[in-house]
Each structure stands twice: as structure tokens, then as C-alpha cells.
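Asker: Contents are mmCIF, C-alpha atoms and all ligand atoms; file name input-v5.cif:
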data_final
#
loop_
_atom_site.group_PDB
_atom_site.id
_atom_site.type_symbol
_atom_site.label_atom_id
_atom_site.label_comp_id
_atom_site.auth_asym_id
_atom_site.auth_seq_id
_atom_site.Cartn_x
_atom_site.Cartn_y
_atom_site.Cartn_z
ATOM 1 C CA MET A 12 10.973 21.805 -126.004
ATOM 2 C CA GLU A 13 7.902 20.422 -124.334
ATOM 3 C CA ARG A 14 8.397 18.805 -120.911
ATOM 4 C CA LEU A 15 8.890 15.079 -121.212
ATOM 5 C CA ARG A 16 6.381 13.098 -119.161
ATOM 6 C CA LEU A 17 7.552 10.316 -116.879
ATOM 7 C CA GLY A 18 5.355 7.295 -116.330
ATOM 8 C CA VAL A 19 6.603 5.243 -113.398
ATOM 9 C CA ASN A 20 6.023 1.530 -113.821
ATOM 10 C CA ILE A 21 5.362 0.013 -110.394
ATOM 11 C CA ASP A 22 5.126 -3.662 -111.416
ATOM 12 C CA HIS A 23 8.178 -4.677 -109.455
ATOM 13 C CA VAL A 24 6.909 -3.250 -106.203
ATOM 14 C CA ALA A 25 4.201 -5.883 -106.671
ATOM 15 C CA THR A 26 6.864 -8.472 -107.599
ATOM 16 C CA VAL A 27 8.459 -8.041 -104.174
ATOM 17 C CA ARG A 28 5.061 -8.218 -102.474
ATOM 18 C CA GLN A 29 4.129 -11.384 -104.369
ATOM 19 C CA ALA A 30 7.360 -13.057 -103.247
ATOM 20 C CA ARG A 31 5.676 -13.439 -99.852
ATOM 21 C CA GLY A 32 2.063 -13.229 -100.932
ATOM 22 C CA GLY A 33 1.111 -10.563 -98.397
ATOM 23 C CA THR A 34 0.305 -6.879 -98.699
ATOM 24 C CA HIS A 35 3.753 -5.283 -98.332
ATOM 25 C CA PRO A 36 5.219 -3.426 -100.185
ATOM 26 C CA SER A 37 2.118 -1.774 -101.576
ATOM 27 C CA PRO A 38 2.060 -0.616 -105.226
ATOM 28 C CA LEU A 39 -0.537 1.940 -104.209
ATOM 29 C CA ARG A 40 1.846 3.479 -101.697
ATOM 30 C CA ALA A 41 4.557 3.459 -104.371
ATOM 31 C CA ALA A 42 2.222 5.371 -106.675
ATOM 32 C CA VAL A 43 1.664 8.019 -103.997
ATOM 33 C CA VAL A 44 5.432 8.420 -103.567
ATOM 34 C CA ALA A 45 5.929 8.530 -107.350
ATOM 35 C CA ALA A 46 3.418 11.377 -107.618
ATOM 36 C CA LYS A 47 5.298 13.310 -104.917
ATOM 37 C CA ALA A 48 8.606 12.694 -106.698
ATOM 38 C CA GLY A 49 7.439 14.217 -109.984
ATOM 39 C CA ALA A 50 5.941 11.317 -111.942
ATOM 40 C CA ASP A 51 3.312 12.353 -114.466
ATOM 41 C CA GLY A 52 1.610 8.982 -114.588
ATOM 42 C CA ILE A 53 1.566 5.483 -113.135
ATOM 43 C CA THR A 54 2.036 2.459 -115.356
ATOM 44 C CA ALA A 55 1.087 -1.077 -114.350
ATOM 45 C CA HIS A 56 1.043 -4.283 -116.372
ATOM 46 C CA LEU A 57 -1.753 -6.683 -115.525
ATOM 47 C CA ARG A 58 -0.323 -9.924 -116.869
ATOM 48 C CA GLU A 59 -2.412 -12.891 -117.763
ATOM 49 C CA ASP A 60 -0.705 -14.942 -115.012
ATOM 50 C CA ARG A 61 -1.033 -12.092 -112.438
ATOM 51 C CA ARG A 62 2.566 -12.641 -111.429
ATOM 52 C CA HIS A 63 2.919 -9.133 -109.981
ATOM 53 C CA ILE A 64 0.091 -6.606 -110.455
ATOM 54 C CA THR A 65 -3.343 -7.994 -109.533
ATOM 55 C CA ASP A 66 -6.889 -7.026 -110.480
ATOM 56 C CA ARG A 67 -7.279 -5.446 -107.044
ATOM 57 C CA ASP A 68 -4.189 -3.279 -107.619
ATOM 58 C CA ILE A 69 -5.716 -1.930 -110.828
ATOM 59 C CA GLU A 70 -8.973 -1.196 -109.066
ATOM 60 C CA GLN A 71 -7.206 0.644 -106.239
ATOM 61 C CA LEU A 72 -4.856 2.568 -108.533
ATOM 62 C CA ARG A 73 -7.780 3.669 -110.643
ATOM 63 C CA LEU A 74 -9.859 4.808 -107.690
ATOM 64 C CA GLU A 75 -7.299 6.181 -105.275
ATOM 65 C CA ILE A 76 -4.551 7.795 -107.326
ATOM 66 C CA ALA A 77 -4.987 11.201 -108.928
ATOM 67 C CA LEU A 78 -2.299 10.624 -111.572
ATOM 68 C CA PRO A 79 -3.312 9.157 -114.945
ATOM 69 C CA LEU A 80 -3.121 5.362 -114.996
ATOM 70 C CA ASN A 81 -1.557 3.624 -117.979
ATOM 71 C CA LEU A 82 -2.670 -0.016 -118.029
ATOM 72 C CA GLU A 83 -0.284 -2.268 -119.926
ATOM 73 C CA MET A 84 -2.133 -5.262 -121.279
ATOM 74 C CA ALA A 85 -2.089 -8.047 -123.808
ATOM 75 C CA ALA A 86 -4.681 -7.733 -126.570
ATOM 76 C CA THR A 87 -7.045 -10.371 -125.211
ATOM 77 C CA GLN A 88 -10.786 -10.324 -124.651
ATOM 78 C CA GLU A 89 -10.230 -10.710 -120.893
ATOM 79 C CA MET A 90 -7.933 -7.681 -120.678
ATOM 80 C CA LYS A 91 -10.179 -5.622 -122.923
ATOM 81 C CA SER A 92 -13.123 -6.273 -120.590
ATOM 82 C CA ILE A 93 -11.038 -5.249 -117.580
ATOM 83 C CA ALA A 94 -9.943 -2.046 -119.313
ATOM 84 C CA LEU A 95 -13.517 -1.228 -120.279
ATOM 85 C CA ARG A 96 -14.615 -1.776 -116.678
ATOM 86 C CA HIS A 97 -12.030 0.611 -115.214
ATOM 87 C CA ILE A 98 -11.514 3.078 -118.094
ATOM 88 C CA PRO A 99 -7.899 3.988 -117.273
ATOM 89 C CA HIS A 100 -6.501 7.150 -118.829
ATOM 90 C CA ALA A 101 -4.398 5.018 -121.183
ATOM 91 C CA CYS A 102 -3.803 1.435 -122.282
ATOM 92 C CA CYS A 103 -0.570 0.196 -123.775
ATOM 93 C CA ILE A 104 -0.985 -2.948 -125.848
ATOM 94 C CA VAL A 105 1.978 -5.277 -125.324
ATOM 95 C CA PRO A 106 2.819 -8.758 -126.545
ATOM 96 C CA GLU A 107 2.707 -11.384 -123.848
ATOM 97 C CA ASN A 108 4.299 -14.740 -123.579
ATOM 98 C CA ARG A 109 3.840 -16.628 -120.333
ATOM 99 C CA GLN A 110 7.410 -17.875 -120.141
ATOM 100 C CA GLU A 111 9.088 -14.522 -120.732
ATOM 101 C CA ARG A 112 10.701 -12.690 -117.837
ATOM 102 C CA THR A 113 9.662 -9.282 -119.161
ATOM 103 C CA THR A 114 8.132 -7.888 -122.337
ATOM 104 C CA GLU A 115 10.827 -9.142 -124.671
ATOM 105 C CA GLY A 116 10.060 -7.245 -127.838
ATOM 106 C CA GLY A 117 7.462 -5.044 -129.433
ATOM 107 C CA ILE A 118 4.170 -6.434 -130.668
ATOM 108 C CA ASP A 119 3.972 -7.363 -134.338
ATOM 109 C CA ALA A 120 1.399 -4.699 -135.232
ATOM 110 C CA MET A 121 1.855 -5.425 -138.917
ATOM 111 C CA GLY A 122 1.308 -9.173 -138.658
ATOM 112 C CA GLN A 123 -1.532 -8.863 -136.138
ATOM 113 C CA GLN A 124 -3.382 -5.922 -137.634
ATOM 114 C CA ALA A 125 -6.666 -7.822 -138.083
ATOM 115 C CA ARG A 126 -6.660 -9.096 -134.488
ATOM 116 C CA LEU A 127 -5.576 -5.794 -132.902
ATOM 117 C CA ALA A 128 -7.754 -3.331 -134.812
ATOM 118 C CA PRO A 129 -11.164 -4.225 -133.262
ATOM 119 C CA ILE A 130 -9.753 -4.259 -129.716
ATOM 120 C CA VAL A 131 -8.006 -0.924 -130.203
ATOM 121 C CA ARG A 132 -11.161 0.548 -131.707
ATOM 122 C CA GLU A 133 -13.295 -0.447 -128.716
ATOM 123 C CA LEU A 134 -10.800 0.999 -126.263
ATOM 124 C CA VAL A 135 -10.439 4.237 -128.242
ATOM 125 C CA ASP A 136 -14.240 4.530 -128.513
ATOM 126 C CA ALA A 137 -14.450 4.212 -124.720
ATOM 127 C CA GLY A 138 -12.240 7.315 -124.423
ATOM 128 C CA ILE A 139 -9.018 5.483 -123.534
ATOM 129 C CA ARG A 140 -5.742 6.772 -124.990
ATOM 130 C CA VAL A 141 -4.353 3.639 -126.646
ATOM 131 C CA SER A 142 -0.723 3.046 -127.421
ATOM 132 C CA ILE A 143 0.917 0.090 -129.116
ATOM 133 C CA PHE A 144 4.320 -1.101 -127.909
ATOM 134 C CA VAL A 145 6.401 -1.612 -131.048
ATOM 135 C CA GLU A 146 9.989 -1.930 -132.155
ATOM 136 C CA PRO A 147 11.352 1.325 -133.648
ATOM 137 C CA ASP A 148 10.522 0.219 -137.171
ATOM 138 C CA LYS A 149 8.744 2.169 -139.910
ATOM 139 C CA GLN A 150 6.461 -0.690 -140.942
ATOM 140 C CA GLN A 151 5.297 -1.224 -137.369
ATOM 141 C CA LEU A 152 4.515 2.480 -137.099
ATOM 142 C CA ASP A 153 2.511 2.452 -140.327
ATOM 143 C CA ALA A 154 0.612 -0.598 -139.076
ATOM 144 C CA SER A 155 -0.081 1.026 -135.688
ATOM 145 C CA ARG A 156 -1.564 4.030 -137.398
ATOM 146 C CA ALA A 157 -3.621 1.834 -139.705
ATOM 147 C CA ILE A 158 -4.937 -0.010 -136.641
ATOM 148 C CA GLY A 159 -6.167 3.313 -135.267
ATOM 149 C CA ALA A 160 -3.915 3.796 -132.248
ATOM 150 C CA PRO A 161 -3.170 7.480 -131.575
ATOM 151 C CA VAL A 162 0.052 6.638 -129.711
ATOM 152 C CA VAL A 163 2.992 4.249 -130.057
ATOM 153 C CA GLU A 164 5.530 3.361 -127.413
ATOM 154 C CA LEU A 165 8.918 2.610 -128.955
ATOM 155 C CA HIS A 166 10.684 -0.372 -127.384
ATOM 156 C CA THR A 167 14.105 0.797 -126.186
ATOM 157 C CA GLY A 168 15.201 -2.625 -124.899
ATOM 158 C CA ALA A 169 17.667 -3.368 -127.711
ATOM 159 C CA TYR A 170 19.179 0.140 -127.410
ATOM 160 C CA SER A 171 19.461 -0.258 -123.637
ATOM 161 C CA GLU A 172 21.256 -3.572 -123.807
ATOM 162 C CA ALA A 173 23.697 -2.635 -126.593
ATOM 163 C CA ARG A 174 27.042 -0.918 -126.080
ATOM 164 C CA GLY A 175 29.399 1.259 -128.133
ATOM 165 C CA ASP A 176 28.772 1.644 -131.860
ATOM 166 C CA GLU A 177 25.908 -0.818 -131.795
ATOM 167 C CA GLN A 178 24.146 1.329 -129.191
ATOM 168 C CA LYS A 179 24.735 4.432 -131.337
ATOM 169 C CA ARG A 180 23.224 2.634 -134.314
ATOM 170 C CA LEU A 181 20.179 1.584 -132.296
ATOM 171 C CA LEU A 182 19.784 5.113 -130.929
ATOM 172 C CA GLU A 183 19.635 6.344 -134.522
ATOM 173 C CA LYS A 184 16.872 3.806 -135.173
ATOM 174 C CA VAL A 185 14.847 5.152 -132.238
ATOM 175 C CA ARG A 186 15.471 8.734 -133.422
ATOM 176 C CA TYR A 187 14.373 7.944 -136.934
ATOM 177 C CA ALA A 188 11.281 6.062 -135.749
ATOM 178 C CA ALA A 189 10.285 8.933 -133.432
ATOM 179 C CA ARG A 190 10.609 11.444 -136.268
ATOM 180 C CA TYR A 191 8.780 9.260 -138.743
ATOM 181 C CA GLY A 192 6.018 8.335 -136.283
ATOM 182 C CA ALA A 193 5.381 11.960 -135.393
ATOM 183 C CA SER A 194 5.304 12.869 -139.104
ATOM 184 C CA ILE A 195 2.409 10.453 -139.684
ATOM 185 C CA GLY A 196 0.501 11.886 -136.718
ATOM 186 C CA LEU A 197 1.365 9.438 -133.943
ATOM 187 C CA GLU A 198 2.169 10.569 -130.408
ATOM 188 C CA ILE A 199 5.490 8.997 -129.486
ATOM 189 C CA HIS A 200 6.366 7.388 -126.169
ATOM 190 C CA ALA A 201 9.336 5.152 -125.369
ATOM 191 C CA GLY A 202 10.508 2.757 -122.718
ATOM 192 C CA HIS A 203 12.110 -0.463 -121.534
ATOM 193 C CA GLY A 204 15.502 -0.928 -119.949
ATOM 194 C CA LEU A 205 16.110 2.785 -119.339
ATOM 195 C CA THR A 206 18.591 3.693 -116.599
ATOM 196 C CA TYR A 207 20.435 6.784 -115.341
ATOM 197 C CA GLU A 208 23.252 5.902 -117.745
ATOM 198 C CA ASN A 209 21.262 5.514 -120.941
ATOM 199 C CA VAL A 210 18.210 7.755 -120.519
ATOM 200 C CA ALA A 211 19.643 11.104 -121.678
ATOM 201 C CA PRO A 212 19.995 10.445 -125.446
ATOM 202 C CA ILE A 213 16.458 9.051 -125.535
ATOM 203 C CA ALA A 214 15.061 11.926 -123.452
ATOM 204 C CA ALA A 215 16.699 14.403 -125.850
ATOM 205 C CA ILE A 216 14.691 13.140 -128.849
ATOM 206 C CA PRO A 217 12.253 16.012 -129.331
ATOM 207 C CA GLU A 218 9.358 13.969 -130.738
ATOM 208 C CA ILE A 219 9.216 11.711 -127.676
ATOM 209 C CA ARG A 220 6.546 12.917 -125.267
ATOM 210 C CA GLU A 221 6.639 10.290 -122.530
ATOM 211 C CA LEU A 222 9.002 7.691 -121.079
ATOM 212 C CA ASN A 223 7.806 4.690 -119.105
ATOM 213 C CA ILE A 224 10.411 3.429 -116.669
ATOM 214 C CA GLY A 225 10.146 0.758 -113.994
ATOM 215 C CA HIS A 226 12.690 -1.897 -113.172
ATOM 216 C CA TYR A 227 15.701 0.378 -112.721
ATOM 217 C CA LEU A 228 13.813 2.880 -110.563
ATOM 218 C CA ILE A 229 12.495 0.192 -108.242
ATOM 219 C CA GLY A 230 15.949 -1.414 -108.076
ATOM 220 C CA GLU A 231 17.625 1.908 -107.223
ATOM 221 C CA ALA A 232 14.957 2.532 -104.608
ATOM 222 C CA ILE A 233 16.478 -0.311 -102.561
ATOM 223 C CA PHE A 234 19.565 1.842 -102.099
ATOM 224 C CA VAL A 235 18.310 5.422 -102.084
ATOM 225 C CA GLY A 236 14.551 5.210 -101.575
ATOM 226 C CA LEU A 237 11.838 5.451 -104.210
ATOM 227 C CA GLU A 238 11.342 9.186 -104.022
ATOM 228 C CA ALA A 239 15.061 9.885 -104.518
ATOM 229 C CA SER A 240 15.407 7.369 -107.345
ATOM 230 C CA ILE A 241 12.506 8.915 -109.267
ATOM 231 C CA ARG A 242 13.642 12.484 -108.585
ATOM 232 C CA LYS A 243 17.062 11.742 -110.038
ATOM 233 C CA MET A 244 15.539 10.217 -113.191
ATOM 234 C CA ARG A 245 13.286 13.265 -113.517
ATOM 235 C CA GLN A 246 16.332 15.555 -113.285
ATOM 236 C CA LEU A 247 18.253 13.575 -115.900
ATOM 237 C CA MET A 248 15.272 13.704 -118.257
ATOM 238 C CA ASP A 249 14.774 17.442 -117.731
ATOM 239 C CA GLY A 250 18.512 18.076 -118.154
ATOM 240 C CA ALA A 251 18.610 16.182 -121.452
ATOM 241 C CA ARG A 252 15.642 18.160 -122.675
ATOM 242 C CA SER A 253 16.910 21.637 -121.893
HETATM 243 N N1 LIG B 301 7.028 0.083 -121.383
HETATM 244 C C1 LIG B 301 6.458 -1.122 -121.564
HETATM 245 C C2 LIG B 301 5.407 -1.254 -122.602
HETATM 246 C C3 LIG B 301 6.825 -2.231 -120.765
HETATM 247 O O1 LIG B 301 6.253 -3.438 -120.959
HETATM 248 C C4 LIG B 301 7.778 -2.043 -119.754
HETATM 249 C C5 LIG B 301 8.165 -3.175 -118.849
HETATM 250 O O2 LIG B 301 7.068 -3.663 -118.181
HETATM 251 C C6 LIG B 301 8.327 -0.759 -119.587
HETATM 252 C C7 LIG B 301 7.951 0.277 -120.435
HETATM 253 C C8 LIG B 301 9.321 -0.459 -118.514
HETATM 254 O O3 LIG B 301 10.484 -1.175 -118.696
HETATM 255 P P1 LIG B 301 11.539 -1.249 -117.524
HETATM 256 O O4 LIG B 301 10.860 -1.940 -116.371
HETATM 257 O O5 LIG B 301 12.664 -2.025 -118.105
HETATM 258 O O6 LIG B 301 11.907 0.161 -117.182
#
Show me, as C-alpha cells, the structure contained in the file I just sent.
Answerer:
Amino acid sequence: MERLRLGVNIDHVATVRQARGGTHPSPLRAAVVAAKAGADGITAHLREDRRHITDRDIEQLRLEIALPLNLEMAATQEMKSIALRHIPHACCIVPENRQERTTEGGIDAMGQQARLAPIVRELVDAGIRVSIFVEPDKQQLDASRAIGAPVVELHTGAYSEARGDEQKRLLEKVRYAARYGASIGLEIHAGHGLTYENVAPIAAIPEIRELNIGHYLIGEAIFVGLEASIRKMRQLMDGARS
């Protein structure tokens, strides 16, 4: 099976920095450590309210890090302009609600097809690999393809929060969506809420090519250091794959 890529989301390094408004800890430094620890890409979400990652972070990550940058963004004209200015390797289109604590669900690609399609087209035309963050749902996958995105990221939040039989049922949903999405030509990524405990069944899904993981890795880094926390996730992913 193909090696599963790991995108390390460094938003919460910036969250800690913003708590004091200074320059420490630096997301750029975290990206350097992530590269050393085996990350295949760096993911950062530039939110409308700039609560963690800032415009300057995106500029620095784009210029100073060799790893591909995946810019998570809402589908707004402002974010599109920023993406077109920096041309990151990838953009992941996420829903955004100012009051939410994190990205609480996938975007409604089906309901917002008309609004999303022109933005996705411009980003794709600029050479950016565009993904749409959706719930593992067939209709959302069909809509993402119709919109013209080459990639979808399946939201694993519900799976991650569930337990027991409900978690098994939600894992099946992710499995089915990955298989279906790949069958209609989409590249499949997944992420949200993944931890050492729940990553293996997701990593074992053969159609999934990339996982984006942030909060847990940064939290674990408090206890074991960022390099060690990422290395362990990498090992768990590789183990599940082999
Ligand atoms: N993928 C997307 C599209 C996200 O919005 C997030 C959270 O910012 C993640 C992955 C990572 O989720 P977590 O921080 O829970 O690992």
C-alpha cells in the first residue's frame, strides 16, 4: 500500500503564542521540527478572525519551509485573494463560523455548489491542489467532484468522538466514503480529532492518501516534545498501513 502522508496542522502552536500576543512559540519553528519528525506537509488555517495563524505566518511558511503548505481557508473573496498571492501547494476549503471553537463539521458542498465552484476553479487554475472538507457522505462527494475539486478531506470528527458500536458504524461510513470517492476519481484525505488511540483504523483505509492532524499532536508535545509526538503518530500510521 502506498505510504500515507501526514500533514501536521500547527494552528495551536499559534494559539499558545496568541495567548500572550508575542512571538513565542513560533509556528515556523514548529514546521521545521515537523519536517524533521517525518511530516510530509504543513497545514495551517488562516481564520477570518486571525485567532491563531496570521497573514505573516502564512507568508513565512510559504517562503521558508520546504515542505508543501496546505492552507485551510473559508471560501471567501478575501481568502481566495490571499491564496492567489501566495500560491500554496494546496488549499482546503472549510466552513467557518466565527463562534465555533474548531471546524465543527464539513462544508455543505451540495448546498453551496454555486458559491464554491467559481472559487475552486480559480484556485485550481492557479495550480493549487484544492480539497473540500466534507462529511463522509456520498452526496457531498458527488457535489465536490461536480464543483471541480480534485481532492476531498473526509471529516473524521464524529468518528473520533464516538465510542463502541457507534464508532464502528462511523468508521464504516468513512470507509465507504473513501472507497466511493476514489471510485469517482477523487483523491481522498481525512482528518479532525485523530489521536494515537483512534488513528489506526483510519490509517488502514487504503484509499486514504493523507491525514491532517493538529490538536492532539500539539497537546502531546507539551509532555513529550513536538518531534517525539509526531514521530509516534507517524509510526502508528505506518504500522496500520503495513
Ligand atoms: N483537517 C481540517 C480541514 C481541519 O479544519 C482541522 C482542524 O483545524 C484538522 C484537519 C485537524 O484537526 P485536529 O486539530 O483535531 O487534529
Asker: Which residues match the PyMOL selection byres (((not hetatm)) within 9 of (chain B and resi 301)) in the file above, as a count of residues only?
Answerer: 45
Asker: Got a sec: who's within 12 Å of segment 92-99 of chain A, counting all atoms listed in the file, leaving out chain neighbours fewer than 2 positions off, as a VMD selection string?
Answerer: chain A and resid 52 to 59 65 to 74 76 to 90 101 to 104 130 to 141
Asker: Just so the selection is clear, what residues does the PyMOL selection byres (((chain A and resi 236-243) around 10) and not hetatm) cover here, as an NGL selection string?
Answerer: :A and (17 or 19 or 41-50 or 207 or 224-225 or 227-235 or 244-249)
Asker: Can you translate the PyMOL selection byres (((chain A and resi 26) around 10) and not hetatm) into the concrete residues it hits in this file, as a JSON list (two decimals) with C-alpha atoms, in the coordinates of the input?
Answerer:
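part16.json written:
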[["chain", "number", "residue", "atom", "x", "y", "z"],
["A", 21, "ILE", "CA", 5.36, 0.01, -110.39],
["A", 22, "ASP", "CA", 5.13, -3.66, -111.42],
["A", 23, "HIS", "CA", 8.18, -4.68, -109.46],
["A", 24, "VAL", "CA", 6.91, -3.25, -106.20],
["A", 25, "ALA", "CA", 4.20, -5.88, -106.67],
["A", 27, "VAL", "CA", 8.46, -8.04, -104.17],
["A", 28, "ARG", "CA", 5.06, -8.22, -102.47],
["A", 29, "GLN", "CA", 4.13, -11.38, -104.37],
["A", 30, "ALA", "CA", 7.36, -13.06, -103.25],
["A", 31, "ARG", "CA", 5.68, -13.44, -99.85],
["A", 32, "GLY", "CA", 2.06, -13.23, -100.93],
["A", 36, "PRO", "CA", 5.22, -3.43, -100.18],
["A", 38, "PRO", "CA", 2.06, -0.62, -105.23],
["A", 61, "ARG", "CA", -1.03, -12.09, -112.44],
["A", 62, "ARG", "CA", 2.57, -12.64, -111.43],
["A", 63, "HIS", "CA", 2.92, -9.13, -109.98],
["A", 64, "ILE", "CA", 0.09, -6.61, -110.46]]
Asker: Each side padded by 3 Å, which centre and which edge lengths in Å (one decimal) define the axis-aligned box around the listed atoms of segment 26-39 of chain A? Give them as AutoDock Vina command-line options.
Answerer:
--center_x 4.0 --center_y -5.7 --center_z -103.0 --size_x 15.0 --size_y 21.4 --size_z 15.3
Asker: Can you tell me, as a list in words, what residues are no more than 12 Å from Arg252 of chain A when counting all atoms listed in the file, ignoring any on the same chain fewer than 2 positions away?
Answerer: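 Within the cut-off, the hits are Met12, Glu13, Arg14, Leu15, Arg16, Val210, Ala211, Pro212, Ile213, Ala214, Ala215, Ile216, Pro217, Glu218, Ile219, Arg220, Glu221, Arg245, Gln246, Leu247, Met248, Asp249 and Gly250 of chain A.
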Asker: Given the choices A:Glu208, A:Glu75, A:Asp51, A:Glu107, which gets closest to Arg174 of chain A if the distance is worked out from all atoms listed in the file?
Answerer: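 So, comparing all the options, the nearest one is A:Glu208.
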Asker: Which one of A:Gly192, A:Ser155, A:Ala169, A:Asn209 sits closest to Ala125 of chain A if you count only C-alpha atoms?
Answerer: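 Selected residue with least distance to Ala125 of chain A: A:Ser155.
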Asker: What does the structure give for the distance between atom CA of Val163 of chain A and atom CA of Lys91 of chain A, in Å to one decimal?
Answerer: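 Answer for the atom CA of Val163 of chain A to atom CA of Lys91 of chain A separation: 17.9 Å.
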Asker: Would you compute the distance between atom CA of Pro147 of chain A and atom CA of Tyr187 of chain A? Give it in Å to one decimal.
Answerer: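 Atom CA of Tyr187 of chain A lies 8.0 Å from atom CA of Pro147 of chain A.
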Asker: One number please: atom CA of His35 of chain A to atom CA of His100 of chain A, in Å, one decimal.
Answerer: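 Between these atoms lies a distance of 26.1 Å.
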Asker: Closest to Val185 of chain A among A:Ile158, A:Leu197, A:Glu172, A:Glu146, using all atoms listed in the file?
Answerer: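 Among the listed residues, A:Glu146 lies closest to Val185 of chain A.
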Asker: Of the candidates A:Ala173, A:Leu181, A:Ala160, A:Ile199, which shows the shortest atom-to-atom distance to Leu127 of chain A, using only C-alpha atoms?
Answerer: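 Distance minimum relative to Leu127 of chain A lands on A:Ala160.
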